Amino acid sequence: MKWSNPFKRKPKEKSWVVTDQGLMNTSWDAGWWQQDLKPRSGGLNETVEACVSALSQTVAMCPVNLLQDNPDGQAERLTGALPERVLLNPNEYTTRSTFFNQIIRSIYFSGNGYAVAVRDGNRAIKNLYVTDPRSIQGIIDPESGDVFYWSSPNQGQKYNPETDTIYPSRDVLNIRINPRQGDPLKGDTPITAAANSIAANSAITGHQSKFFNNMSRPSGVLSTEQNLTKDQMLQLRDAYYAQSTREDSGKVPILGQGLKWAPMSLSSQDSQLVEAFGMTVQNISSVFRVPLPLVNSLQNSTFNNTESMMSWFLASGLGFLLEHIELELNKLFQLPINQRLNFNTRALLRSDYKSRIDALSVGVINGIYSPNEARALEGLGAVADGEEPRVQQQVVPLSAWDQEPPEPEPAPEPDVMAAFNKGYASVR
């Protein structure tokens with residue numbers, strides 16, 4: 001097999017380049033990080049970080065269960081199976097939450113999240129290691145169509161058989177959310193779609209930071225109609241500063257000689273700047289499909305409780321991400337068609353006790369859960385006679401009202417002789 005052709009460099013294209021150090025509009029090609037090219041602007045964008053953290057940390061909260069679909073429709077959990085054990089502690093220094101937090105951040109900041117599988121003597125997966133997306137490339141053999149991944153410790157653009165490693169696709173977890181056109185093994189981060197809003201958001205934040213650090217606007221002005229000398233103005237400024245700062249902050253200064261204090265309010269231009277900043281936050285959040293309250297923006301918030309907000313989140317960006325990762329994990333562990341890995345999203349409502357108990361109560365009353373099943377979901381032990389689901393007695397099928405009531409059975413004929421003998425015996 002010839003390994004030279006898949007590694008040919010592509011022509012340079014002008015595009016937005018998103019890095020974990022900032023956002024740049026440059027003519028570098030897609031392999032800029034392997035060419036020792038450094039970004040011209042540093043620092044993360046706060047709103048992007050908030051959106052990515054909301055997604056990665058929320059997924060990291062959810063336990064991963066291996067479920068098996070039985071013929072009767074029951075989804076039985078295979079507790080302690082190999083995929084559950086591996087994902088609980090992917091390697092000797094990584095837990096489940098750290099693993100998913102790392103790989104999802106890699107997905108959203110770089111377009112791809114990679115993890116390399118290490119197998120035991122039985123060819124079963126025993127460890128997973130998150131890999132820097134800058135050091136791994138996916139290639140498709142033009143002759144056989146097989147997929148391989150090439151990993152370079154020095155993040156080089158040219159394949160080096162002395163230091164680089166080639167992995168078959170069955171040993172690499174490659175999660176990409178927006179496959180790149182013309183390269184199905186590479187993904188594009190959604191940050192590129194919000195490039196203009198991110199640039200504007202960063203520009204506004206940077207402008208305000210420089211303004212308050214270097215051009216500190218005073219909160220007010222002292223004015224008088226008298227002519228003051230330079231020394232008088234300096235003495236007046238120092239006296240007012242000493243009376244209204246540090247430990248004396250908040251005390252009322254006494255103004256004489258016609259001095260007046262004029263506070264400076266927020267200008268209309270500043271108000272428009274605040275409004276524009278809020279619009280950029282909303283645009284960035286919409287690209288990531290993250291509810292605004294999760295990025296600490298409570299403008300126009302309509303969520304009344306945690307359950308409604310998480311339900312909306314699960315039906316949008318978070319739900320897609322969970323399903324996408326589950327399918328890639330099923331493929332990596334080569335699970336049969338009746339088994340699947342599933343993120344247990346009940347953990348997201350762990351702090352919302354009222355909503356959780358209300359949902360379980362409705363499930364028990366309507367016969368969906370047995371009392372012991374509901375108790376087990378809360379970590380409580382079983383009780384006597386609590387295994388069978390139950391419903392209220394008045395809940396009957398509508399067809400029951402169409403049936404004619406059964407005719408009453410005729411009363412038995414009275415036994416006259418038995419009654420006579422009983423009375424005669426009592427008289428004697």
# chains A, B, ... in the order shown; residues from 1 in each chain; ligands from 1

$ residues_around --residues "segment 76-89 of chain A" --least-positions-apart "5" --cutoff "10 Å" --atoms "only C-alpha atoms" --output "PyMOL selection string"
chain A and resi 63-70+94-100+124-128+329-330+332-333+335+339-342

$ select_by_dssp --residues "segment 312-346 of chain A" --states "strand (DSSP E)" --output "number ranges by chain"
A: 339-343

$ write_last_selection --atoms "N, CA, C and O atoms" --output "CSV table (one decimal), in the first residue's frame"
chain,number,residue,atom,x,y,z
A,339,GLN,N,-28.5,-4.4,21.2
A,339,GLN,CA,-27.9,-3.8,22.3
A,339,GLN,C,-27.5,-2.4,21.9
A,339,GLN,O,-27.1,-2.1,20.7
A,340,ARG,N,-27.4,-1.5,22.9
A,340,ARG,CA,-27.1,-0.1,22.6
A,340,ARG,C,-26.6,0.6,23.9
A,340,ARG,O,-27.1,0.2,25.0
A,341,LEU,N,-25.7,1.5,23.7
A,341,LEU,CA,-25.2,2.3,24.8
A,341,LEU,C,-26.1,3.5,24.9
A,341,LEU,O,-26.5,4.1,23.9
A,342,ASN,N,-26.5,3.9,26.1
A,342,ASN,CA,-27.5,5.0,26.3
A,342,ASN,C,-27.1,5.9,27.5
A,342,ASN,O,-26.8,5.4,28.6
A,343,PHE,N,-27.1,7.2,27.2
A,343,PHE,CA,-26.8,8.2,28.3
A,343,PHE,C,-28.1,8.3,29.2
A,343,PHE,O,-29.2,8.5,28.7

$ closest_residue --among "A:Ala384, A:Ala193, A:Met61, A:Ala50" --to "Arg346 of chain A" --atoms "only C-alpha atoms"
A:Met61

$ atom_distance --atom1 "atom CA of Leu348 of chain A" --atom2 "atom CA of Ile365 of chain A"
23.7 Å

$ closest_residue --among "A:Ile175, A:Ile284, A:Thr47, A:Asn338" --to "Ala75 of chain A" --atoms "only C-alpha atoms"
A:Asn338

$ closest_residue --among "A:Thr224, A:Lys331, A:Gln57, A:Asp72" --to "Arg170 of chain A" --atoms "only C-alpha atoms"
A:Lys331

$ residues_around --residues "Asn154 of chain A" --least-positions-apart "6" --cutoff "10 Å" --atoms "only C-alpha atoms" --output "number ranges by chain"
A: 34, 134-135, 160, 163-164

$ closest_residue --among "A:Ala359, A:Glu162, A:Glu373, A:Pro293" --to "Glu388 of chain A" --atoms "only C-alpha atoms"
A:Glu373

$ residues_around --residues "Thr58 of chain A" --least-positions-apart "5" --cutoff "12 Å" --atoms "only C-alpha atoms" --output "list in words"
Ala50, Cys51, Val52, Ser53, Pro63, Ser97, Thr98, Phe100, Asn101, Ile104, Arg105, Val290, Leu294, Met310, Phe313, Leu314, Gly317, Leu318, Gly319, Leu321, Leu322, Phe343, Asn344, Thr345, Arg346, Ala347, Leu348 and Leu349 of chain A

$ residues_around --residues "Thr131 of chain A" --least-positions-apart "6" --cutoff "7 Å" --atoms "only C-alpha atoms" --output "PyMOL selection string"
chain A and resi 114-116

$ write_last_selection --atoms "C-alpha atoms" --output "PDB file, in the first residue's frame"
ATOM      1  CA  TYR A 114     -10.625  11.359  18.677  1.00  0.00           C
ATOM      2  CA  ALA A 115      -9.982   8.511  21.108  1.00  0.00           C
ATOM      3  CA  VAL A 116      -7.691   5.553  20.417  1.00  0.00           C
TER       4      VAL A 116
END

$ atom_distance --atom1 "atom CA of Gln393 of chain A" --atom2 "atom CA of Ile368 of chain A"
15.3 Å

$ residues_around --residues "Ile136 of chain A" --least-positions-apart "2" --cutoff "12 Å" --atoms "only C-alpha atoms" --output "ChimeraX atom specification"
/A:7,31,33-34,110,112-116,130-134,138-139,148-159,164-167,172-174,185-186

$ write_last_selection --atoms "N, CA and C atoms" --output "mmCIF file, in the first residue's frame"
data_model
loop_
_atom_site.group_PDB
_atom_site.id
_atom_site.type_symbol
_atom_site.label_atom_id
_atom_site.label_comp_id
_atom_site.auth_asym_id
_atom_site.auth_seq_id
_atom_site.Cartn_x
_atom_site.Cartn_y
_atom_site.Cartn_z
ATOM 1 N N PHE A 7 -1.566 11.887 1.785
ATOM 2 C CA PHE A 7 -1.041 12.957 2.609
ATOM 3 C C PHE A 7 -0.654 14.188 1.799
ATOM 4 N N GLY A 31 -4.384 22.474 7.448
ATOM 5 C CA GLY A 31 -3.359 21.902 8.309
ATOM 6 C C GLY A 31 -2.460 22.937 8.930
ATOM 7 N N TRP A 33 -2.156 24.033 11.895
ATOM 8 C CA TRP A 33 -1.533 23.744 13.201
ATOM 9 C C TRP A 33 -0.321 22.848 13.067
ATOM 10 N N GLN A 34 -0.183 22.164 11.905
ATOM 11 C CA GLN A 34 0.955 21.279 11.694
ATOM 12 C C GLN A 34 2.089 21.968 10.940
ATOM 13 N N SER A 110 -12.428 21.981 17.573
ATOM 14 C CA SER A 110 -11.595 21.565 16.442
ATOM 15 C C SER A 110 -12.365 20.863 15.342
ATOM 16 N N ASN A 112 -13.392 17.750 15.337
ATOM 17 C CA ASN A 112 -13.280 16.300 15.521
ATOM 18 C C ASN A 112 -12.867 15.982 16.946
ATOM 19 N N GLY A 113 -13.420 14.882 17.474
ATOM 20 C CA GLY A 113 -12.979 14.351 18.751
ATOM 21 C C GLY A 113 -12.484 12.936 18.551
ATOM 22 N N TYR A 114 -11.236 12.664 18.911
ATOM 23 C CA TYR A 114 -10.625 11.359 18.677
ATOM 24 C C TYR A 114 -10.291 10.667 19.996
ATOM 25 N N ALA A 115 -10.455 9.347 20.008
ATOM 26 C CA ALA A 115 -9.982 8.511 21.108
ATOM 27 C C ALA A 115 -9.486 7.204 20.514
ATOM 28 N N VAL A 116 -8.310 6.782 20.922
ATOM 29 C CA VAL A 116 -7.691 5.553 20.417
ATOM 30 C C VAL A 116 -7.952 4.436 21.412
ATOM 31 N N VAL A 130 -8.053 9.806 24.831
ATOM 32 C CA VAL A 130 -8.379 10.966 24.002
ATOM 33 C C VAL A 130 -7.100 11.462 23.339
ATOM 34 N N THR A 131 -7.186 11.760 22.041
ATOM 35 C CA THR A 131 -6.023 12.156 21.257
ATOM 36 C C THR A 131 -6.188 13.576 20.745
ATOM 37 N N ASP A 132 -5.110 14.310 20.724
ATOM 38 C CA ASP A 132 -5.111 15.679 20.205
ATOM 39 C C ASP A 132 -5.520 15.653 18.737
ATOM 40 N N PRO A 133 -6.568 16.379 18.346
ATOM 41 C CA PRO A 133 -7.002 16.338 16.935
ATOM 42 C C PRO A 133 -5.967 16.887 15.978
ATOM 43 N N ARG A 134 -5.006 17.651 16.480
ATOM 44 C CA ARG A 134 -3.967 18.176 15.594
ATOM 45 C C ARG A 134 -2.940 17.116 15.206
ATOM 46 N N GLY A 138 -7.361 11.212 9.310
ATOM 47 C CA GLY A 138 -8.031 10.066 8.731
ATOM 48 C C GLY A 138 -7.777 9.979 7.243
ATOM 49 N N ILE A 139 -7.542 8.781 6.746
ATOM 50 C CA ILE A 139 -7.266 8.590 5.321
ATOM 51 C C ILE A 139 -8.085 7.397 4.817
ATOM 52 N N PHE A 148 -8.177 4.301 7.540
ATOM 53 C CA PHE A 148 -7.085 4.230 8.502
ATOM 54 C C PHE A 148 -6.885 5.620 9.100
ATOM 55 N N TYR A 149 -6.237 5.636 10.246
ATOM 56 C CA TYR A 149 -5.911 6.899 10.893
ATOM 57 C C TYR A 149 -4.418 6.949 11.162
ATOM 58 N N TRP A 150 -3.840 8.075 10.821
ATOM 59 C CA TRP A 150 -2.398 8.267 10.914
ATOM 60 C C TRP A 150 -2.120 9.257 12.040
ATOM 61 N N SER A 151 -1.346 8.834 13.033
ATOM 62 C CA SER A 151 -1.055 9.656 14.194
ATOM 63 C C SER A 151 0.419 10.005 14.217
ATOM 64 N N SER A 152 0.694 11.299 14.417
ATOM 65 C CA SER A 152 2.072 11.781 14.431
ATOM 66 C C SER A 152 2.348 12.472 15.760
ATOM 67 N N PRO A 153 3.357 12.059 16.506
ATOM 68 C CA PRO A 153 3.645 12.705 17.790
ATOM 69 C C PRO A 153 4.128 14.138 17.644
ATOM 70 N N ASN A 154 4.729 14.479 16.493
ATOM 71 C CA ASN A 154 5.224 15.835 16.289
ATOM 72 C C ASN A 154 4.263 16.696 15.474
ATOM 73 N N GLN A 155 3.032 16.197 15.257
ATOM 74 C CA GLN A 155 2.017 16.942 14.525
ATOM 75 C C GLN A 155 2.533 17.377 13.152
ATOM 76 N N GLY A 156 3.296 16.513 12.512
ATOM 77 C CA GLY A 156 3.862 16.850 11.215
ATOM 78 C C GLY A 156 2.870 16.670 10.085
ATOM 79 N N GLN A 157 3.127 17.335 8.983
ATOM 80 C CA GLN A 157 2.274 17.246 7.811
ATOM 81 C C GLN A 157 2.702 16.113 6.895
ATOM 82 N N LYS A 158 3.906 15.614 7.075
ATOM 83 C CA LYS A 158 4.425 14.549 6.232
ATOM 84 C C LYS A 158 4.556 13.273 7.041
ATOM 85 N N TYR A 159 4.110 12.168 6.460
ATOM 86 C CA TYR A 159 4.134 10.886 7.157
ATOM 87 C C TYR A 159 5.566 10.416 7.366
ATOM 88 N N ASP A 164 5.631 7.740 13.331
ATOM 89 C CA ASP A 164 4.178 7.827 13.253
ATOM 90 C C ASP A 164 3.542 6.436 13.329
ATOM 91 N N THR A 165 2.268 6.420 13.711
ATOM 92 C CA THR A 165 1.541 5.168 13.895
ATOM 93 C C THR A 165 0.277 5.177 13.060
ATOM 94 N N ILE A 166 -0.050 4.021 12.488
ATOM 95 C CA ILE A 166 -1.272 3.867 11.699
ATOM 96 C C ILE A 166 -2.227 2.940 12.442
ATOM 97 N N TYR A 167 -3.473 3.398 12.606
ATOM 98 C CA TYR A 167 -4.499 2.615 13.292
ATOM 99 C C TYR A 167 -5.623 2.276 12.319
ATOM 100 N N VAL A 172 -10.315 3.380 16.458
ATOM 101 C CA VAL A 172 -10.342 4.831 16.631
ATOM 102 C C VAL A 172 -11.783 5.302 16.737
ATOM 103 N N LEU A 173 -12.078 6.045 17.785
ATOM 104 C CA LEU A 173 -13.367 6.712 17.940
ATOM 105 C C LEU A 173 -13.235 8.109 17.356
ATOM 106 N N ASN A 174 -13.945 8.359 16.270
ATOM 107 C CA ASN A 174 -13.887 9.645 15.577
ATOM 108 C C ASN A 174 -15.291 10.246 15.570
ATOM 109 N N LEU A 185 -14.136 12.242 6.677
ATOM 110 C CA LEU A 185 -13.518 11.889 7.954
ATOM 111 C C LEU A 185 -13.178 13.110 8.792
ATOM 112 N N LYS A 186 -13.376 14.297 8.247
ATOM 113 C CA LYS A 186 -13.080 15.532 8.961
ATOM 114 C C LYS A 186 -14.364 16.311 9.194
#

$ select_by_dssp --residues "segment 114-229 of chain A" --states "helix (DSSP H, G or I)" --output "ChimeraX atom specification"
/A:133-135,169-171,190-214

$ closest_residue --among "A:Glu328, A:Glu46, A:Asp415, A:Asp120" --to "Ser169 of chain A" --atoms "only C-alpha atoms"
A:Glu328

$ decode --residues "segment 331-350 of chain A" --atoms "N, CA, C and O atoms" --output "mmCIF file, in the first residue's frame"
data_model
loop_
_atom_site.group_PDB
_atom_site.id
_atom_site.type_symbol
_atom_site.label_atom_id
_atom_site.label_comp_id
_atom_site.auth_asym_id
_atom_site.auth_seq_id
_atom_site.Cartn_x
_atom_site.Cartn_y
_atom_site.Cartn_z
ATOM 1 N N LYS A 331 -20.785 1.653 17.441
ATOM 2 C CA LYS A 331 -19.945 1.185 16.334
ATOM 3 C C LYS A 331 -18.564 0.775 16.837
ATOM 4 O O LYS A 331 -18.006 -0.244 16.393
ATOM 5 N N LEU A 332 -17.995 1.540 17.763
ATOM 6 C CA LEU A 332 -16.658 1.226 18.268
ATOM 7 C C LEU A 332 -16.650 -0.110 19.000
ATOM 8 O O LEU A 332 -15.743 -0.937 18.801
ATOM 9 N N PHE A 333 -17.655 -0.363 19.845
ATOM 10 C CA PHE A 333 -17.710 -1.608 20.607
ATOM 11 C C PHE A 333 -18.353 -2.752 19.820
ATOM 12 O O PHE A 333 -18.470 -3.861 20.350
ATOM 13 N N GLN A 334 -18.764 -2.488 18.586
ATOM 14 C CA GLN A 334 -19.331 -3.507 17.702
ATOM 15 C C GLN A 334 -20.473 -4.266 18.394
ATOM 16 O O GLN A 334 -20.486 -5.493 18.459
ATOM 17 N N LEU A 335 -21.428 -3.509 18.905
ATOM 18 C CA LEU A 335 -22.547 -4.101 19.628
ATOM 19 C C LEU A 335 -23.538 -4.733 18.663
ATOM 20 O O LEU A 335 -23.727 -4.233 17.546
ATOM 21 N N PRO A 336 -24.205 -5.826 19.059
ATOM 22 C CA PRO A 336 -25.259 -6.405 18.207
ATOM 23 C C PRO A 336 -26.440 -5.452 18.098
ATOM 24 O O PRO A 336 -26.568 -4.485 18.860
ATOM 25 N N ILE A 337 -27.334 -5.747 17.159
ATOM 26 C CA ILE A 337 -28.405 -4.812 16.839
ATOM 27 C C ILE A 337 -29.386 -4.626 17.987
ATOM 28 O O ILE A 337 -30.071 -3.602 18.077
ATOM 29 N N ASN A 338 -29.474 -5.599 18.890
ATOM 30 C CA ASN A 338 -30.426 -5.482 20.000
ATOM 31 C C ASN A 338 -29.789 -4.899 21.258
ATOM 32 O O ASN A 338 -30.411 -4.889 22.318
ATOM 33 N N GLN A 339 -28.536 -4.417 21.167
ATOM 34 C CA GLN A 339 -27.881 -3.771 22.293
ATOM 35 C C GLN A 339 -27.453 -2.366 21.899
ATOM 36 O O GLN A 339 -27.119 -2.109 20.738
ATOM 37 N N ARG A 340 -27.445 -1.496 22.878
ATOM 38 C CA ARG A 340 -27.081 -0.100 22.598
ATOM 39 C C ARG A 340 -26.614 0.564 23.876
ATOM 40 O O ARG A 340 -27.072 0.236 24.969
ATOM 41 N N LEU A 341 -25.671 1.492 23.727
ATOM 42 C CA LEU A 341 -25.237 2.326 24.841
ATOM 43 C C LEU A 341 -26.139 3.542 24.921
ATOM 44 O O LEU A 341 -26.496 4.135 23.891
ATOM 45 N N ASN A 342 -26.510 3.921 26.137
ATOM 46 C CA ASN A 342 -27.495 4.977 26.321
ATOM 47 C C ASN A 342 -27.080 5.872 27.486
ATOM 48 O O ASN A 342 -26.756 5.385 28.570
ATOM 49 N N PHE A 343 -27.071 7.195 27.245
ATOM 50 C CA PHE A 343 -26.819 8.157 28.310
ATOM 51 C C PHE A 343 -28.080 8.276 29.175
ATOM 52 O O PHE A 343 -29.173 8.526 28.657
ATOM 53 N N ASN A 344 -27.926 8.098 30.464
ATOM 54 C CA ASN A 344 -29.048 8.208 31.394
ATOM 55 C C ASN A 344 -29.241 9.673 31.767
ATOM 56 O O ASN A 344 -28.533 10.218 32.627
ATOM 57 N N THR A 345 -30.199 10.317 31.122
ATOM 58 C CA THR A 345 -30.414 11.753 31.323
ATOM 59 C C THR A 345 -31.176 12.068 32.601
ATOM 60 O O THR A 345 -31.415 13.248 32.890
ATOM 61 N N ARG A 346 -31.567 11.046 33.371
ATOM 62 C CA ARG A 346 -32.230 11.330 34.655
ATOM 63 C C ARG A 346 -31.300 12.098 35.589
ATOM 64 O O ARG A 346 -31.769 12.809 36.484
ATOM 65 N N ALA A 347 -30.007 11.931 35.400
ATOM 66 C CA ALA A 347 -29.058 12.634 36.268
ATOM 67 C C ALA A 347 -29.169 14.147 36.132
ATOM 68 O O ALA A 347 -28.787 14.883 37.047
ATOM 69 N N LEU A 348 -29.701 14.625 35.002
ATOM 70 C CA LEU A 348 -29.816 16.068 34.797
ATOM 71 C C LEU A 348 -30.864 16.687 35.706
ATOM 72 O O LEU A 348 -30.847 17.899 35.934
ATOM 73 N N LEU A 349 -31.820 15.896 36.194
ATOM 74 C CA LEU A 349 -32.872 16.400 37.076
ATOM 75 C C LEU A 349 -32.624 15.991 38.526
ATOM 76 O O LEU A 349 -33.548 16.029 39.338
ATOM 77 N N ARG A 350 -31.404 15.605 38.841
ATOM 78 C CA ARG A 350 -31.117 15.134 40.187
ATOM 79 C C ARG A 350 -31.361 16.222 41.231
ATOM 80 O O ARG A 350 -31.788 15.935 42.347
#
